[in-house]
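So this one's upload38.cif, mmCIF, C-alpha atoms:
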```
data_final
#
loop_
_atom_site.group_PDB
_atom_site.id
_atom_site.type_symbol
_atom_site.label_atom_id
_atom_site.label_comp_id
_atom_site.auth_asym_id
_atom_site.auth_seq_id
_atom_site.Cartn_x
_atom_site.Cartn_y
_atom_site.Cartn_z
ATOM 1 C CA MET A 1 -31.339 27.327 -164.162
ATOM 2 C CA SER A 2 -29.582 29.525 -166.686
ATOM 3 C CA ARG A 3 -30.954 29.900 -170.181
ATOM 4 C CA ARG A 4 -28.959 27.864 -172.687
ATOM 5 C CA ARG A 5 -27.186 29.944 -175.285
ATOM 6 C CA SER A 6 -27.695 28.910 -178.885
ATOM 7 C CA TYR A 7 -26.025 29.482 -182.216
ATOM 8 C CA ASP A 8 -29.562 29.665 -183.655
ATOM 9 C CA GLN A 9 -28.501 27.650 -186.683
ATOM 10 C CA TYR A 10 -30.593 24.826 -188.126
ATOM 11 C CA CYS A 11 -27.654 22.410 -188.250
ATOM 12 C CA SER A 12 -27.094 19.271 -186.181
ATOM 13 C CA ALA A 13 -23.455 20.206 -185.461
ATOM 14 C CA ALA A 14 -24.548 23.629 -184.224
ATOM 15 C CA ARG A 15 -27.277 22.052 -182.090
ATOM 16 C CA ALA A 16 -24.744 19.636 -180.602
ATOM 17 C CA LEU A 17 -22.412 22.515 -179.769
ATOM 18 C CA ASP A 18 -25.320 24.356 -178.163
ATOM 19 C CA THR A 19 -25.323 21.495 -175.634
ATOM 20 C CA VAL A 20 -21.686 20.409 -175.251
ATOM 21 C CA GLY A 21 -19.684 23.283 -176.716
ATOM 22 C CA ASP A 22 -19.160 25.184 -173.469
ATOM 23 C CA ARG A 23 -15.736 25.040 -171.849
ATOM 24 C CA TRP A 24 -15.363 22.063 -169.440
ATOM 25 C CA THR A 25 -18.499 20.185 -170.498
ATOM 26 C CA LEU A 26 -16.768 17.425 -172.479
ATOM 27 C CA LEU A 27 -14.069 17.081 -169.830
ATOM 28 C CA ILE A 28 -16.789 16.531 -167.227
ATOM 29 C CA VAL A 29 -18.135 13.801 -169.507
ATOM 30 C CA ARG A 30 -14.624 12.296 -169.626
ATOM 31 C CA GLU A 31 -14.589 12.099 -165.834
ATOM 32 C CA LEU A 32 -18.113 10.667 -165.605
ATOM 33 C CA LEU A 33 -17.255 7.889 -168.050
ATOM 34 C CA ALA A 34 -15.640 6.347 -164.958
ATOM 35 C CA GLY A 35 -19.073 6.021 -163.367
ATOM 36 C CA PRO A 36 -20.809 8.026 -160.614
ATOM 37 C CA ARG A 37 -18.626 10.779 -159.137
ATOM 38 C CA ARG A 38 -19.070 13.134 -156.219
ATOM 39 C CA TYR A 39 -18.762 16.870 -156.807
ATOM 40 C CA THR A 40 -15.553 17.004 -154.745
ATOM 41 C CA ASP A 41 -14.008 14.206 -156.834
ATOM 42 C CA LEU A 42 -14.902 15.974 -160.061
ATOM 43 C CA HIS A 43 -13.427 19.227 -158.811
ATOM 44 C CA ALA A 44 -10.203 17.481 -157.772
ATOM 45 C CA ASP A 45 -9.772 15.851 -161.192
ATOM 46 C CA LEU A 46 -10.588 18.981 -163.201
ATOM 47 C CA PRO A 47 -7.767 21.288 -162.082
ATOM 48 C CA GLY A 48 -8.378 24.846 -163.173
ATOM 49 C CA VAL A 49 -12.172 24.831 -163.044
ATOM 50 C CA SER A 50 -13.794 27.143 -160.507
ATOM 51 C CA THR A 51 -16.457 25.832 -158.168
ATOM 52 C CA ASP A 52 -19.035 28.194 -159.678
ATOM 53 C CA VAL A 53 -18.313 27.102 -163.243
ATOM 54 C CA LEU A 54 -18.352 23.400 -162.347
ATOM 55 C CA ALA A 55 -21.640 23.740 -160.477
ATOM 56 C CA GLY A 56 -23.107 25.661 -163.395
ATOM 57 C CA ARG A 57 -21.973 23.130 -165.986
ATOM 58 C CA LEU A 58 -23.392 20.253 -163.941
ATOM 59 C CA ARG A 59 -26.749 22.047 -163.675
ATOM 60 C CA ASP A 60 -26.759 22.650 -167.427
ATOM 61 C CA MET A 61 -25.841 19.037 -168.182
ATOM 62 C CA GLU A 62 -28.637 17.772 -165.935
ATOM 63 C CA ARG A 63 -31.110 20.128 -167.602
ATOM 64 C CA ASP A 64 -29.993 18.942 -171.050
ATOM 65 C CA GLY A 65 -30.397 15.272 -170.161
ATOM 66 C CA LEU A 66 -26.687 14.384 -170.161
ATOM 67 C CA THR A 67 -26.365 13.671 -166.441
ATOM 68 C CA THR A 68 -28.455 12.836 -163.408
ATOM 69 C CA ARG A 69 -27.818 13.463 -159.731
ATOM 70 C CA ARG A 70 -28.756 11.048 -156.961
ATOM 71 C CA ARG A 71 -28.080 10.574 -153.286
ATOM 72 C CA LEU A 72 -26.139 7.524 -152.157
ATOM 73 C CA PRO A 73 -27.738 5.395 -149.440
ATOM 74 C CA PRO A 74 -26.268 5.471 -145.917
ATOM 75 C CA PRO A 75 -23.551 5.395 -144.766
ATOM 76 C CA GLY A 76 -22.418 7.314 -147.874
ATOM 77 C CA ALA A 77 -25.309 9.789 -148.000
ATOM 78 C CA ALA A 78 -23.453 11.957 -150.552
ATOM 79 C CA TYR A 79 -24.777 13.137 -153.893
ATOM 80 C CA VAL A 80 -23.175 11.729 -157.018
ATOM 81 C CA TYR A 81 -23.422 12.698 -160.663
ATOM 82 C CA GLU A 82 -23.585 10.154 -163.461
ATOM 83 C CA LEU A 83 -24.121 10.070 -167.190
ATOM 84 C CA THR A 84 -27.461 9.241 -168.718
ATOM 85 C CA ALA A 85 -27.644 6.946 -171.748
ATOM 86 C CA ARG A 86 -27.571 10.070 -173.934
ATOM 87 C CA GLY A 87 -24.543 11.420 -172.082
ATOM 88 C CA ARG A 88 -22.740 8.125 -172.545
ATOM 89 C CA GLU A 89 -23.281 8.411 -176.303
ATOM 90 C CA LEU A 90 -20.593 11.105 -176.195
ATOM 91 C CA LEU A 91 -17.896 8.441 -175.716
ATOM 92 C CA PRO A 92 -17.222 8.053 -179.478
ATOM 93 C CA VAL A 93 -17.267 11.851 -179.790
ATOM 94 C CA LEU A 94 -14.541 12.139 -177.151
ATOM 95 C CA GLN A 95 -12.612 9.291 -178.744
ATOM 96 C CA ALA A 96 -12.750 10.958 -182.170
ATOM 97 C CA LEU A 97 -11.701 14.270 -180.625
ATOM 98 C CA GLY A 98 -8.821 12.574 -178.806
ATOM 99 C CA LYS A 99 -7.715 10.858 -182.010
ATOM 100 C CA TRP A 100 -7.827 14.163 -183.875
ATOM 101 C CA GLY A 101 -5.834 15.839 -181.105
ATOM 102 C CA GLU A 102 -3.017 13.271 -180.945
ATOM 103 C CA GLY A 103 -0.694 15.542 -182.870
ATOM 104 C CA GLU A 104 -1.448 18.464 -180.549
ATOM 105 C CA LEU A 105 -0.261 16.695 -177.403
ATOM 106 C CA GLY A 106 3.442 17.369 -177.870
ATOM 107 C CA GLU A 107 5.759 17.632 -174.883
ATOM 108 C CA ARG A 108 4.256 18.062 -171.447
ATOM 109 C CA ARG A 109 4.446 21.704 -170.382
ATOM 110 C CA PRO A 110 5.488 22.691 -166.836
ATOM 111 C CA THR A 111 1.974 24.015 -166.224
ATOM 112 C CA ASP A 112 0.236 20.839 -167.438
ATOM 113 C CA ALA A 113 -1.613 18.824 -164.814
ATOM 114 C CA VAL A 114 -1.835 15.064 -165.303
ATOM 115 C CA ARG A 115 -3.927 12.267 -163.858
ATOM 116 C CA ALA A 116 -3.210 8.615 -164.556
ATOM 117 C CA HIS A 117 -6.777 7.924 -165.687
ATOM 118 C CA TRP A 118 -6.545 10.602 -168.399
ATOM 119 C CA PHE A 119 -4.695 7.941 -170.402
ATOM 120 C CA ALA A 120 -7.711 5.617 -170.166
ATOM 121 C CA LEU A 121 -9.459 6.762 -173.340
ATOM 122 C CA PRO A 122 -6.321 6.620 -175.548
ATOM 123 C CA LEU A 123 -5.636 3.084 -174.288
ATOM 124 C CA LEU A 124 -9.240 2.067 -174.934
ATOM 125 C CA ARG A 125 -8.797 3.225 -178.540
ATOM 126 C CA ALA A 126 -5.719 1.045 -178.843
ATOM 127 C CA LEU A 127 -7.085 -2.168 -177.306
ATOM 128 C CA GLU A 128 -9.367 -4.700 -178.956
ATOM 129 C CA GLY A 129 -11.592 -7.418 -177.544
ATOM 130 C CA GLU A 130 -13.533 -7.505 -174.291
ATOM 131 C CA GLY A 131 -12.513 -7.704 -170.671
ATOM 132 C CA VAL A 132 -11.101 -5.843 -167.691
ATOM 133 C CA VAL A 133 -7.576 -4.470 -168.010
ATOM 134 C CA GLU A 134 -5.599 -3.111 -165.087
ATOM 135 C CA VAL A 135 -3.016 -0.448 -165.966
ATOM 136 C CA ARG A 136 -0.083 0.406 -163.733
ATOM 137 C CA LEU A 137 1.638 3.765 -164.248
ATOM 138 C CA GLU A 138 4.046 5.833 -162.176
ATOM 139 C CA GLU A 139 1.233 8.349 -161.584
ATOM 140 C CA GLY A 140 -1.125 5.666 -160.313
ATOM 141 C CA ASP A 141 -3.253 2.714 -161.317
ATOM 142 C CA PHE A 142 -6.534 2.592 -163.211
ATOM 143 C CA HIS A 143 -8.558 -0.069 -164.954
ATOM 144 C CA LEU A 144 -10.398 -0.298 -168.265
ATOM 145 C CA TYR A 145 -13.556 -2.099 -169.297
ATOM 146 C CA VAL A 146 -12.588 -2.913 -172.869
ATOM 147 C CA GLY A 147 -15.568 -3.437 -175.151
ATOM 148 C CA ALA A 148 -18.072 -2.380 -172.475
ATOM 149 C CA GLU A 149 -21.464 -1.454 -173.911
ATOM 150 C CA ASP A 150 -23.046 -0.229 -170.683
ATOM 151 C CA GLY A 151 -21.805 1.266 -167.445
ATOM 152 C CA PRO A 152 -18.362 2.757 -166.754
ATOM 153 C CA VAL A 153 -15.599 2.385 -169.346
ATOM 154 C CA TYR A 154 -12.780 2.913 -166.836
ATOM 155 C CA GLY A 155 -12.150 3.427 -163.145
ATOM 156 C CA ASP A 156 -9.484 4.697 -160.758
ATOM 157 C CA GLY A 157 -7.290 2.294 -158.846
ATOM 158 C CA PRO A 158 -6.702 -1.447 -159.281
ATOM 159 C CA ALA A 159 -9.325 -3.555 -161.015
ATOM 160 C CA PRO A 160 -12.027 -5.082 -158.815
ATOM 161 C CA GLY A 161 -11.225 -8.775 -158.727
ATOM 162 C CA GLU A 162 -8.770 -10.461 -161.057
ATOM 163 C CA PRO A 163 -8.359 -8.563 -164.341
ATOM 164 C CA ASP A 164 -8.196 -10.259 -167.731
ATOM 165 C CA ALA A 165 -4.877 -8.497 -168.331
ATOM 166 C CA ARG A 166 -2.493 -6.358 -166.331
ATOM 167 C CA LEU A 167 -0.377 -3.780 -168.183
ATOM 168 C CA THR A 168 2.689 -2.157 -166.652
ATOM 169 C CA LEU A 169 4.324 0.711 -168.539
ATOM 170 C CA ASP A 170 5.960 4.059 -167.970
ATOM 171 C CA THR A 171 4.431 7.425 -168.703
ATOM 172 C CA GLY A 172 6.607 7.960 -171.780
ATOM 173 C CA THR A 173 5.199 4.816 -173.364
ATOM 174 C CA CYS A 174 1.665 5.868 -172.482
ATOM 175 C CA VAL A 175 2.263 9.274 -174.059
ATOM 176 C CA ALA A 176 3.618 7.626 -177.224
ATOM 177 C CA LEU A 177 0.465 5.504 -177.375
ATOM 178 C CA ALA A 178 -1.730 8.564 -176.810
ATOM 179 C CA GLN A 179 0.115 10.443 -179.571
ATOM 180 C CA GLY A 180 -0.365 7.578 -182.013
ATOM 181 C CA GLU A 181 3.407 7.106 -182.359
ATOM 182 C CA LEU A 182 3.385 3.589 -180.889
ATOM 183 C CA SER A 183 0.944 0.706 -181.114
ATOM 184 C CA VAL A 184 0.101 -1.575 -178.204
ATOM 185 C CA VAL A 185 1.516 -4.544 -180.127
ATOM 186 C CA ASP A 186 4.840 -2.775 -180.732
ATOM 187 C CA ALA A 187 4.982 -1.654 -177.103
ATOM 188 C CA VAL A 188 4.671 -5.286 -176.008
ATOM 189 C CA ARG A 189 7.122 -6.605 -178.603
ATOM 190 C CA THR A 190 9.791 -4.049 -177.686
ATOM 191 C CA GLY A 191 9.388 -4.639 -173.962
ATOM 192 C CA ARG A 192 8.046 -1.159 -173.251
ATOM 193 C CA MET A 193 4.819 -2.665 -171.950
ATOM 194 C CA GLU A 194 4.755 -5.678 -169.635
ATOM 195 C CA VAL A 195 1.671 -7.894 -169.877
ATOM 196 C CA GLY A 196 0.476 -9.949 -166.934
ATOM 197 C CA GLY A 197 -2.588 -12.053 -166.302
ATOM 198 C CA GLY A 198 -3.980 -15.209 -167.846
ATOM 199 C CA GLY A 199 -7.134 -13.921 -169.513
ATOM 200 C CA THR A 200 -7.958 -13.869 -173.204
ATOM 201 C CA LEU A 201 -6.834 -10.261 -173.597
ATOM 202 C CA ALA A 202 -3.475 -10.941 -171.975
ATOM 203 C CA LYS A 203 -2.871 -13.990 -174.174
ATOM 204 C CA ALA A 204 -3.836 -12.073 -177.311
ATOM 205 C CA LEU A 205 -1.407 -9.267 -176.482
ATOM 206 C CA ARG A 206 1.464 -11.655 -175.758
ATOM 207 C CA GLU A 207 0.848 -13.632 -178.949
ATOM 208 C CA ALA A 208 0.289 -10.668 -181.289
#
```

Could the structure of this file be written out as structure tokens, please?
Amino acid sequence: MSRRRSYDQYCSAARALDTVGDRWTLLIVRELLAGPRRYTDLHADLPGVSTDVLAGRLRDMERDGLTTRRRLPPPGAAYVYELTARGRELLPVLQALGKWGEGELGERRPTDAVRAHWFALPLLRALEGEGVVEVRLEEGDFHLYVGAEDGPVYGDGPAPGEPDARLTLDTGTCVALAQGELSVVDAVRTGRMEVGGGGTLAKALREA
């Protein structure tokens, strides 16, 4: 494994950046917050990263105790990467970074890639309570585990089983939420977000 570069500064922020400051590392964490992922899935959802860089970052993250790699039992028999408890502690770091970057989002550029689940973390910041929320966008569906303390915080595709709430909205509304220009409550009140389901979260959103 490669030797980790260091700022050689006796400062906790510098030490943290020694571990997660390399390009792509925090975005790999973002993807792994959805749970175990295969290398091919990670590469597909990190457009722009080379195979060599991704492989190198994953090796570094495993060495630094942020991720583990394990082989799925048959018939899968593929290797998957997943966050350790320490790696999962980066969730509030990513959320704070996303909050700070709301004003930088601006208009989508022609060269910008997008994946539906990239809106998962902004929506998690905007929702309160606990439960499973299914989100339907033009780009695709994903689901959130609101208030989850362990395990994945979101996942691709429809929710497994019946969700506590089902949100249907367009990408423009999701962008406004991600930019901090619109609250979930206002999106529901103005009809920009449709709420389905009979769970506690759905009722709270409809009654807010």

Inset, instruction - Decode the PyMOL selection byres ((chain A and resi 83) around 7) for the given file into explicit residues and return them as a list in words. - result: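 For this structure, the PyMOL selection byres ((chain A and resi 83) around 7) resolves to Leu32, Leu66, Thr67, Thr68, Glu82, Thr84, Ala85, Gly87 and Arg88 of chain A.
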
With 12 Å as the cut-off and all atoms listed in the file counted, what is the closest atom pair between each nearby residue of stretch 17-134 of chain A and stretch 185-190 of chain A? Distances in Å to one decimal, ordered by chain and number, as a tab-separated table.
```
residue	atom	partner	partner_atom	distance
A:Leu123	CA	A:Ala187	CA	12.0
A:Ala126	CA	A:Val185	CA	9.2
A:Leu127	CA	A:Val185	CA	9.4
A:Glu128	CA	A:Val185	CA	10.9
```

Inset, instruction - Measure the distance from atom CA of A:Gly56 to atom CA of A:Tyr39 in Å and round it to one decimal. - result: 11.8 Å

Legend entry - Given only C-alpha atoms as the counted atoms, nearest of A:Leu205, A:Val184, A:Leu33, A:Ala78 to A:Leu91: A:Leu33

I'd like the residues picked by the PyMOL selection byres ((chain A and resi 64) around 10) written out as a short mmCIF file (atom, residue, chain, number, x, y, z; two decimals) with C-alpha atoms, in the coordinates of the input, using the chain letters and numbers from the file.
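Output file expr-v6.cif follows:
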```cif
data_model
loop_
_atom_site.label_atom_id
_atom_site.label_comp_id
_atom_site.auth_asym_id
_atom_site.auth_seq_id
_atom_site.Cartn_x
_atom_site.Cartn_y
_atom_site.Cartn_z
CA ARG A 4 -28.96 27.86 -172.69
CA THR A 19 -25.32 21.50 -175.63
CA VAL A 20 -21.69 20.41 -175.25
CA LEU A 58 -23.39 20.25 -163.94
CA ARG A 59 -26.75 22.05 -163.68
CA ASP A 60 -26.76 22.65 -167.43
CA MET A 61 -25.84 19.04 -168.18
CA GLU A 62 -28.64 17.77 -165.94
CA ARG A 63 -31.11 20.13 -167.60
CA GLY A 65 -30.40 15.27 -170.16
CA LEU A 66 -26.69 14.38 -170.16
CA THR A 67 -26.36 13.67 -166.44
CA THR A 68 -28.46 12.84 -163.41
CA ARG A 86 -27.57 10.07 -173.93
CA GLY A 87 -24.54 11.42 -172.08
#
```

Inset, instruction - Kindly indicate which residue among A:Cys11, A:Leu90, A:Leu124, A:Ala208 lies nearest to A:Thr25, using only C-alpha atoms for the distances. - result: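 Of all the options, A:Leu90 lies closest to A:Thr25.
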
Inset, instruction - Tell me which of A:Glu181, A:Glu194, A:Glu89, A:Glu134 sits closest to A:Leu26, counting all atoms listed in the file. - result: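 Of the candidates, the smallest distance to A:Leu26 is held by A:Glu89.
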
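The two atoms in question, atom CA of A:Gly103 and atom CA of A:Pro122, are spaced 12.8 Å apart.
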
Inset, instruction - Can you give me, as an MDAnalysis selection string, the residues this file yields under the PyMOL selection byres ((chain A and resi 102) around 12)? - result: chainID A and resid 95:101 103:107 119 121:122 125 175:182

Legend entry - Who sits within 9 Å of stretch 113-117 of chain A, all atoms listed in the file, same chain under 6 positions skipped, as a PyMOL selection string: chain A and resi 31+45+47+136-143+154-157+171

Inset, instruction - In Å, rounded to a single decimal, give me how far atom CA of A:Arg166 is from atom CA of A:Gly197. - result: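 Computed distance, atom CA of A:Gly197 to atom CA of A:Arg166, equals 5.7 Å.
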
Write only C-alpha atoms for stretch 84-145 of chain A from the block just shown, as a CSV table (one decimal), in the first residue's frame.
```
chain,number,residue,atom,x,y,z
A,84,THR,CA,-16.6,0.9,9.2
A,85,ALA,CA,-18.1,2.6,12.3
A,86,ARG,CA,-15.4,5.2,12.0
A,87,GLY,CA,-16.1,5.8,8.3
A,88,ARG,CA,-19.8,6.3,9.1
A,89,GLU,CA,-18.8,9.0,11.6
A,90,LEU,CA,-18.1,11.1,8.5
A,91,LEU,CA,-21.8,11.5,7.8
A,92,PRO,CA,-22.2,14.8,9.8
A,93,VAL,CA,-19.0,16.0,8.2
A,94,LEU,CA,-20.5,15.5,4.7
A,95,GLN,CA,-23.7,17.0,5.9
A,96,ALA,CA,-21.9,20.1,7.2
A,97,LEU,CA,-19.9,20.4,4.0
A,98,GLY,CA,-23.1,20.0,1.9
A,99,LYS,CA,-24.8,22.7,4.0
A,100,TRP,CA,-21.8,25.0,3.6
A,101,GLY,CA,-21.8,24.4,-0.2
A,102,GLU,CA,-25.5,25.1,-0.8
A,103,GLY,CA,-24.7,28.5,-2.2
A,104,GLU,CA,-22.1,27.0,-4.6
A,105,LEU,CA,-24.6,24.7,-6.3
A,106,GLY,CA,-26.0,27.3,-8.7
A,107,GLU,CA,-27.4,26.3,-12.1
A,108,ARG,CA,-26.5,22.8,-13.4
A,109,ARG,CA,-23.7,23.1,-16.0
A,110,PRO,CA,-23.8,21.1,-19.3
A,111,THR,CA,-20.9,19.0,-18.1
A,112,ASP,CA,-22.4,18.2,-14.7
A,113,ALA,CA,-23.3,14.6,-14.1
A,114,VAL,CA,-26.3,13.8,-11.8
A,115,ARG,CA,-27.6,10.8,-10.0
A,116,ALA,CA,-31.0,10.8,-8.2
A,117,HIS,CA,-29.4,9.5,-5.0
A,118,TRP,CA,-27.1,12.5,-4.8
A,119,PHE,CA,-30.1,14.4,-3.4
A,120,ALA,CA,-30.4,11.9,-0.5
A,121,LEU,CA,-28.1,13.8,1.9
A,122,PRO,CA,-29.8,17.2,1.3
A,123,LEU,CA,-33.2,15.7,1.9
A,124,LEU,CA,-32.0,13.9,5.0
A,125,ARG,CA,-30.9,17.4,6.4
A,126,ALA,CA,-34.4,18.7,5.7
A,127,LEU,CA,-36.4,15.9,7.2
A,128,GLU,CA,-37.1,15.3,10.9
A,129,GLY,CA,-38.3,12.2,12.8
A,130,GLU,CA,-37.6,8.5,12.1
A,131,GLY,CA,-38.7,6.2,9.4
A,132,VAL,CA,-38.3,5.1,5.8
A,133,VAL,CA,-39.0,7.6,3.1
A,134,GLU,CA,-39.3,6.8,-0.6
A,135,VAL,CA,-38.4,9.6,-3.0
A,136,ARG,CA,-39.6,9.6,-6.6
A,137,LEU,CA,-37.7,11.9,-9.1
A,138,GLU,CA,-37.5,12.1,-12.8
A,139,GLU,CA,-33.9,10.8,-12.7
A,140,GLY,CA,-35.0,7.8,-10.6
A,141,ASP,CA,-36.1,6.6,-7.2
A,142,PHE,CA,-34.2,6.3,-4.0
A,143,HIS,CA,-35.2,5.8,-0.3
A,144,LEU,CA,-34.0,7.4,2.9
A,145,TYR,CA,-33.6,6.0,6.4
```
